[in-house]
Each structure stands twice: as C-alpha cells, then as structure tokens.
Amino acid sequence: MLNSSFSLTSPNKKITLLLWFLLIFLLMVYLLTQANIRSDMSFFLSDEVSNDEKIIQHVLNDGEANRLIFIQLFNSATKSSALTLAHLNKEVRQSLENSRQFTLIENGDQGKSLQFEKQLYDYRYLISTEVNQLNALFSIQSLKKYFDSLAEKLQMIVSKQEQIRIAQDPLSVWSHYLKSLQKTPLHIKNGVWFNKKNHTILLIKTKENGLDLEAQKKNIQIIEEHLEQILPNNISYDISGMAVIALDNSKKITFQIKVISSVASIILALFLYFIFRSIKLLILVSLPLLFAIIVGACVVNLIYGYIHGIALAFGITIIGVAVDYPIHFFLNLQKNNSLSSELQYNREIILSIWPKIKLGLITTLIGFSAIIFSGFSGLNQLGIFAISGLISAALMTRYLLPLFSYKNKNKNENKSILQRMSFWLKPIQFRTQCYYRIIILLVIAMAIIHISLSEKLWENDLSQLSPVAKELKKKDFQLRKSLNLPELRYLVVISAMSQEQVLQQSEELTPYLEYLIKEGVISYYDTSSRYIPSIKTQTGRQKLLPDTLNLQENLKAALIDSPFNSELFTPFIKGVNNNKHASPLTMEQLTHSLISGKIQSLLFQDKLSKQWYGLVFLSGVKNELISDAFNNKISKDLEYIKLIDIKIHSNQLIEQYRIEAVNWFFIGSIFILIFLFFYTKELKSLPALLIPFSGAVILTVSIILLLGYSLSIFHLVTLLLVVGLGIDYSIFIQSNIDNSSLTDKKYENINTQQINTFSVLVCSISSFIMFFSLSLSSIPVLKAIGLTASIGTIMAFLLTVLISKPCKH
Amino acid sequence: MIFGKNLINQMLKILFAVLFPLILLFLIQPVFAFNNGLQKVLLPFNTISHIKFSYTEIRKSVFFKKEQYSHGQITYIKPDIIIKEVLNPQNKTYTIVNNILTIVSLDKESKKLKTNKVNIENFPQLYLFVELVKSILSGDIKFIKSHYTFKLNEEEQMWTLTLFPLKSFDAENIAQEEVLKKIKITANHKQLLTIKMLGFGGESTEIIINTILERS
C-alpha cells in the first residue's frame, strides 16, 4: 500500500511546506474578507454596454420588481368570512410594519402608506391632476358643487383626523391624487385587497434586492414568523415573488448539487481508493484543484474588484482538468525506485512528467487566453480564473506534491497496482492504429454533417434552461397580473439630458398610454410623472391657483346658502396660497419619503454619461398588439420614446455572447494548432494531438443534438473543459511527445506509455464519475454541464487511445 | 371623479346611520327580556318578517353653522331587504338586497332620476353594520360582543342601551373608536325613542323614531 505519511526530515522541505501553507492561508484570508461575489446579468454583458442594456441592468438590479413579496391569506377548508380575513390581513400588515424590516407594505387600503406623507401632501395642489381643471375648480360654481358633495359626506360623523383634513382640503384633491396612484383591479373588501378566489393579499417591498439571497432568506423567515404567530390554524398562507422563486431555485440547486456531488464523491473516492489504496492520497489528489479555485478567485477579485458568480461556477467546471496533474504524478511514482532516495525519486518522477504537464498546461492556457481578449467581462473573468487556477494547480503538483513521502512499506503493493493496471488496459491494448484513424475520421465527418444540418443548433432563450417550476412561475404571473404590476417584458424608455425633460416627455406620452388602455392594448402603466409632475406642469398649475383674496371671495359666495361655516376653511385658503408661492417639488426633496424608491426605479441618471432615463412599466400587455401600436403611432409622434422587449433583447444578448464565445473558441483552437506545430516541429504528429480534443468537441456536440437538446452557453463553456481534457490526454498518451531530460530508460522495467495510458484512464474515469452524476440532475443547467463534460471526457479518452500507437508488451 | 365613489360612500354612511334604529326597534320589542341579558332579547326577533317606520334625523357637525334636519321612512323585509327613503330635504332612496346597494336620486342638473349600484362589501363600515343587523336578527350576539361593549340602564318607564365601539377599521383604516365615542339608545317599554351617536369635537347624529307605519 502506498504510505503517504509526511516525513518532514529536511529543514528546507519544512520551510517550503510552511511557505505553501502560509500562502494558502493568506489567500483564504483574502478571499474570506475581500471577495465580492456578484450574481447579476452583467456576466453576459459586453464591456461596451449599450443604453438599452444599461436600462435592463437598472431594471433587473435596482428596479422594484424583484424586491416585491406577495402574501395570500385564505381558508382552503371552509369559506372564511371576508371580514375575518381582512382583519387578519390588517393585523399582519401592522405586525410587519412594526418590525421595521421592510420598505413598504401594502394591502389595498387606499394608499394608507402615503396618506400621511407630509411632504407630498403639502404640495397637493401642484401634484394632483385634478388641478389641471383648477381654473374651473376654484370657480364659485365648482366650489358649490364640491361643498354640496361634502355636505352629503358630513351627514355621517367624521373622525378628528378627517375633520382636520376636510378643513385643509375640502375639495379632496389629496384623496384624488392617492386614488390616481391606485392601480390594482383587485376588489377591496373591508378595506383590503381580495382576489376572485376570496384570498386576501398583501404586497411587501423589501429593502434588499431580490437576488440578495441571504437577505431575502431572512426576510421570508421574518414574514413566516409573523404569519405563524398571527394566523389561526384554519387560515393558510402562500408567499410568492421573485425572491421566493430565487430562493426556491437556490434551494433546489443546492440540494441537487449536495446529493449528486456527495454520491459522486463517494463513488469517486471508492474508485481512487481502489486504484491507490490510500486515503491520504485521495486528499492530496484534490489539493491542486482546491488551490486552483482559491488562486483563480483571488486573482479575479484582485483584478476586477469582484467575481461574477457565474464565472466562479463555470471556472470551477473548466479547471476540472487540474485533478489530472496529481493523478499523473502519483501513478508515475509506480515506476520502481531502486536508484535514489525518496525525495530525489519524487523529483525525478515529477521532472519526467513535467514537460507533458507543462505542454498540456500551455496549450490549454492558449485556448483559454483567447477568451481574455473578448469584449465580455464575464468571459474575461472566466479566462483569467482558468489560467491562474491551472497554473497554480500545475505549480503545486510540480513543487509541493513531491515534498511528501509516498514510501511503500510493502513492495507487493506496487505490483498489485501494476496488476490492476494491466487488467484495466487489456480492453484497449489491441488495436490497429490506421484502421481506427479512418473510422474516427469518418465518424467525425458524419458528426460535422449532422451538426451542420441540425435545425435548432442553439438555444438562446435562457428561460428554457430555468429550473423554476412552471407552477411557481404561473402563480407569480397571476399575482402580478391581479395587482396590475408590470410584467417586466416590455419597457418604454424616455431619455433626455435632464430630469425635467424626462418628466415633460413622460407627460407628453401620457395621453398615448391612456389611448392604449382604452384600446385594450395595456391595462395600466406606471410612470414617474404620475408621482411627481414636471416643474413646467407644476408652475402651470401654480398659475391656475387663485390668489388668497379671490379664493376667499369665491368661497364666501359659494357657501352663502350652504350649511357650512366658511371661517372654518381658513386652512384650505392657506394651503392653496402656500402652493401658489412654493418652489416646485423636486425628486431630491423626496429622498427620504416612502415614494422615493418608487420614483428612483422609474427615473434615474446614468452616472457616466449624465443621461437621464425615464421608464414606463406596462401591465396587462397584449403581446401581439403592443409593438404595432408603438411603431405605428407613438414612435412616429414622439421620437424620443423607445419600446424595449426585454425578452427579445436578453435573448439577443445571449446570442451575441454565444457568437463571441464561439469565435474566441475557434481563435483559441487555431492558436493551439500553431503552438503545437511549433512545439512538435512536424506536421506528422499534429493529427494525433489535434484529433482527440477537436474530435471530442465535435462528437460531443453531435451526441447532445442527437439526444434532442439544443446547445446553450452552458454547453459551450463546458466544451472548454473538454478541450483541456483532450489536450491533456493526448499529450500523456502520445509517446513521441516527450522532451524530458530524464529518460525513461532508468525505469525500463515499467512501460511508461502504459503508465501514462493508465493514468489518463484513471483521470477520465474520475471526470466521468463526477460529470455523469451531474448529468442526472433535473436542473437544466447542471444537466447541460454534466452531459457535455461526461460525453466529452469519454470521447476525448477514446479518441486519444484509438489514435495513439498501441502499447508495447 | 369626486362625485362618484365618494358620493356613494357618503350616502352609505347616511344609510348606516339610519340602520341603527332598525336594529333597536327590534331590540325594544321584548324589552322585559333585557333583564335576562342580550341573548334572550334577541330570540323573539325571528318572528318579525316586515316593519316600516318614519324617522327624523338631527345632525350636528363642527363644519355646519346650525343643526341639519332630515325626515323619511325605513323598511325592513326579512331576511335581507332594507329600504331607506329620504323624503326631506331631498328625495333619495337606498335599497340593500344581498349586499348590493342601489341608490336612486334626482339629478339636480338633468332633473332625471339616476341610479347607482354598489357592493357594500367594499365599504367596511356599512358592511360591518349590515353584519351586525344580521347577527341581531339571527340572535347571534358574538358579532356584537366582538365589535362593541354595551351597558344597559333601566328606569321605571325608560331604558338606555349604550354601545361602545371596539377596535375595527373603516375603508380608510380609521379605527371605528376614533370616529364614534358611543352609541346611545333610549326607549320606553313600548317603543324605541332615540338613537344618538356621539363623535369627537362636537360631532353627533340623533335619530328620532316617530311612528311605526307597518309591522307583521
């Protein structure tokens, strides 16, 4: 058995080991304290981000939509009275408001959240559209009408609060403004929202982004705790929203990864144990890969200041080849050591395989370095991660692993490994190289024809790869629809050089949007000018407001035959006068108001270009009509308006990303070809090096298509791993690629090519175990990666073995 | 429109104010039963299937120069039809059938009758009240207990029932107890006499039951 006890006898060795551990420790500390992992769409965005992309990023990262959580309360067993549910709804709202964990909680009670927003209330005559007819509003006739209506209202007792409000705003201008902000078509029963199924609904806006999973997990826990405390046993609840979907996704993926990787790791450990018969060796096999991940993450974080979550996940996948380096080393140690001390022997062995590792490494790095030059920061990070990771894994294998002792206590163990090796190599040792080469070339040619004839080669619609359950998506869609919340597919964009211009243009757009509602193309729209009108509109309204004397006279005349005591409406006259002479309300004044988040999601400035953008979210959109309605009418009249279809746009983005990745993939392959040509200095040996990895890629793609899948960006990135593995395998198996200064003659009793073939076999089986397990996942992304890598591994191995010269016996 | 939902809301509130006498009318019939508690009082109501009475309403508001008077008639037909006819100062009819309220009034400008329909479930205070009526008529005092506390005082010829609102909210989320301090009902042993609702800052509404016009 291989005994891997660490014998630290030499002081130099101790220092080297200490330095290695210190380095790992420091890198870990750096990662734990400084790593900034981002999980947003920017992975797929080009460095030269277009305006549309900036807007989509703003909507997805800073928009309100993904901060919303919906709660439904219902009684599934018996029909609960609306009153009971309404009371519980109000109680839940109160309780959650008291927790101060959320930005806003709404349940349909006529804009309660904004009812006491003083800053807005003080500007009521400038912000309410009711005031557009102000010249009529403050006429004697109009005042009479309003006060008649008020007299009817006052036949019922009013609260103290209402008394104050009536004295200040007898025309109910504020109430009209609040109602104009109400957008839901839900029924209001007992003061709260109810849907058709008699479920009562609450809407919660979280402080954190919906993609901040940790924070959202905490938020949902808080909500659940409150619900559990308040609701009786017969009332059930349902929580939905982007955050819930993201968490559900995360849970599902984490669970599957845990289960799959645990099972696969056990199988892999058993397999490697069967080969090496040493637990310590199992640990050492994984060391270079772990080190590669740490270094890759540190380097990316150092260069960019953050790491894309997707780059990290893909990066770990494509540097899987790092596991092969220690396997090659450990298996090559099986050559008998009768000539030198153990440390010396380890060094000789690592030196004997180092040229191959180095060649494989350089070739792989050339392939990966191509993507560093792409215009996508996501791809750049992936390239840097892979390059730095693979270099560090190779260096660890080269300089750290030989320092450990792998002394065999029992010499028979060596024999048993060699016996196992012969057993495993039997099926592949009898082959006629030329015959196989022709077959391989034919198969590859057929695969190329199959790929080129394939009808749907690429899948650009990422939603097809989404693991979100259809039911959850449907529920979220229905809740959004019932609350008239934007559907996030269509977005109207207004851009201008100032905030004021955007608001003015948004006001110009309003009649067109009202027309679309009338025509049934949309059911609702949300725009910044709905909340805060432009300064132009506000000053226009100020001109319409009467001066104090006029208003006093009109009011007196209007109330002459009424039951009202006109003296009690002095606050009303004062309020109108204040609005007439106030500076118009601006977005900045509302920074600390409840409405500020809403306005900021609809009106924002790009810090770099200083350009202002106004967004109009649409609800209840008829997909088949919206584009025509915009192109035929609105865009012609208002040139500054643009309709963005986020779905089409993001699919285009993915397509563009994929084209870029494919291009760099091919450029990388050409670089590899050139490098290998210069390295081997002969055309004759090139096919043996090129066919395994290029053939593996072609066959893998063809098989994936045959299985009925289309290729996605996930398949494509995983193919980079296949390239790395293919190169590694062919370099190790091809006996003529060996420029080692240390000849194998020292170890004549062992066939080096056999060991290398066995070593590659062990590597490919290890990779296959891990990735095949992943391909069994029900999550499309994991399946895509697993399927590509497992098929690719097998193809790369088979092609390498079949194309190489048979082993000598 | 300010004359749309608001107006309906106001009218509903008026109706709400007038519905109290209806309940209390039923409450006083078996007045002796109060001695044995509210539960016993409510039991005989099932026997009344139809009643109609005239009323006078006196409204005091901080905004009004003087008290406002109105007159009319209220009809109840078991199980869920309630009709309120305001005859003075202007004609207006409110009808509730199965939680749907229909308001018929004369439009001042066009001089034509106009009709509005609304579901009272969207108006919590009125809905609460209708639920209260139903609870009383079905002899279920749970609802009253969950929304009011009550006090019953008896003298030789008169009795007074005072209801104190518990916490519940109206459409604008204003707690009922912030609107109403109490509801005071006076009656003699034969007939309900007055219902007075007291608000804050001098707000009050008093309804005087004049005559029982029909009863079966």
# chains A, B, ... in the order shown; residues from 1 in each chain; ligands from 1
$ interface_residues --of "chain A" --to "chain B" --cutoff "7 Å" --atoms "only C-alpha atoms" --output "PyMOL selection string"
chain A and resi 109-110+149+152-153+155-160+188-191+563-565+568
$ residues_around --residues "Ser105 of chain B" --least-positions-apart "4" --cutoff "9 Å" --atoms "only C-alpha atoms" --output "list in words"
Gln90, Asn91, Lys92, Thr93, Tyr94, Lys112, Leu113, Lys114, Thr115 and Asn116 of chain B
$ residues_around --residues "segment 470-474 of chain A" --least-positions-apart "2" --cutoff "8 Å" --atoms "only C-alpha atoms" --output "list in words"
Ser240, Ile245, Val468, Asp476, Phe477 and Gln478 of chain A
$ residues_around --residues "Thr700 of chain A" --least-positions-apart "2" --cutoff "10 Å" --atoms "only C-alpha atoms" --output "PyMOL selection string"
chain A and resi 447+694-698+702-706+715+719+722+787-796
$ residues_around --residues "Ser764 of chain A" --least-positions-apart "4" --cutoff "12 Å" --atoms "only C-alpha atoms" --output "ChimeraX atom specification"
/A:268,271-272,320-321,323-324,327-328,722,724-726,728-730,757-760,768-772,789-798,800-801
$ atom_distance --atom1 "atom CA of Glu228 of chain A" --atom2 "atom CA of Ala215 of chain A"
20.0 Å
$ atom_distance --atom1 "atom CA of Met242 of chain A" --atom2 "atom CA of Leu782 of chain A"
21.3 Å
$ residues_around --residues "segment 162-165 of chain B" --least-positions-apart "6" --cutoff "9 Å" --atoms "only C-alpha atoms" --output "PDB file with C-alpha atoms, in the first residue's frame"
ATOM      1  CA  HIS B 147     -67.212  44.819  17.936  1.00  0.00           C
ATOM      2  CA  TYR B 148     -68.884  46.616  20.863  1.00  0.00           C
ATOM      3  CA  THR B 149     -69.096  46.618  24.598  1.00  0.00           C
ATOM      4  CA  PHE B 150     -72.536  47.504  25.905  1.00  0.00           C
ATOM      5  CA  LYS B 151     -74.222  48.843  29.026  1.00  0.00           C
ATOM      6  CA  LEU B 152     -77.935  48.585  29.841  1.00  0.00           C
ATOM      7  CA  ASN B 153     -79.609  51.027  32.276  1.00  0.00           C
ATOM      8  CA  GLN B 176     -64.091  52.915  14.488  1.00  0.00           C
ATOM      9  CA  GLU B 177     -63.423  54.062  18.024  1.00  0.00           C
ATOM     10  CA  LEU B 180     -67.526  57.149  17.403  1.00  0.00           C
ATOM     11  CA  LYS B 181     -67.288  57.649  21.115  1.00  0.00           C
ATOM     12  CA  LYS B 182     -70.516  55.800  21.775  1.00  0.00           C
ATOM     13  CA  ILE B 183     -73.992  54.970  20.538  1.00  0.00           C
ATOM     14  CA  LYS B 184     -76.789  55.712  22.964  1.00  0.00           C
ATOM     15  CA  ILE B 185     -80.258  54.252  22.501  1.00  0.00           C
ATOM     16  CA  THR B 186     -83.246  55.265  24.599  1.00  0.00           C
TER      17      THR B 186
END
$ residues_around --residues "Val502 of chain A" --least-positions-apart "3" --cutoff "12 Å" --atoms "only C-alpha atoms" --output "PyMOL selection string"
chain A and resi 493-499+505-509+527-529+532-536+602-605+611-616+640-641
$ atom_distance --atom1 "atom CA of Leu653 of chain A" --atom2 "atom CA of Ser377 of chain A"
13.6 Å
$ closest_residue --among "B:Asn98, B:Ser49, B:Ser54, B:Thr75" --to "Ile207 of chain B" --atoms "only C-alpha atoms"
B:Ser54
$ closest_residue --among "A:Ala557, A:Ile573, A:Leu104, A:Leu365" --to "Gln141 of chain A" --atoms "only C-alpha atoms"
A:Ala557
$ closest_residue --among "A:Ile733, A:Leu711, A:Ala35, A:Leu559" --to "Tyr146 of chain A" --atoms "only C-alpha atoms"
A:Leu559
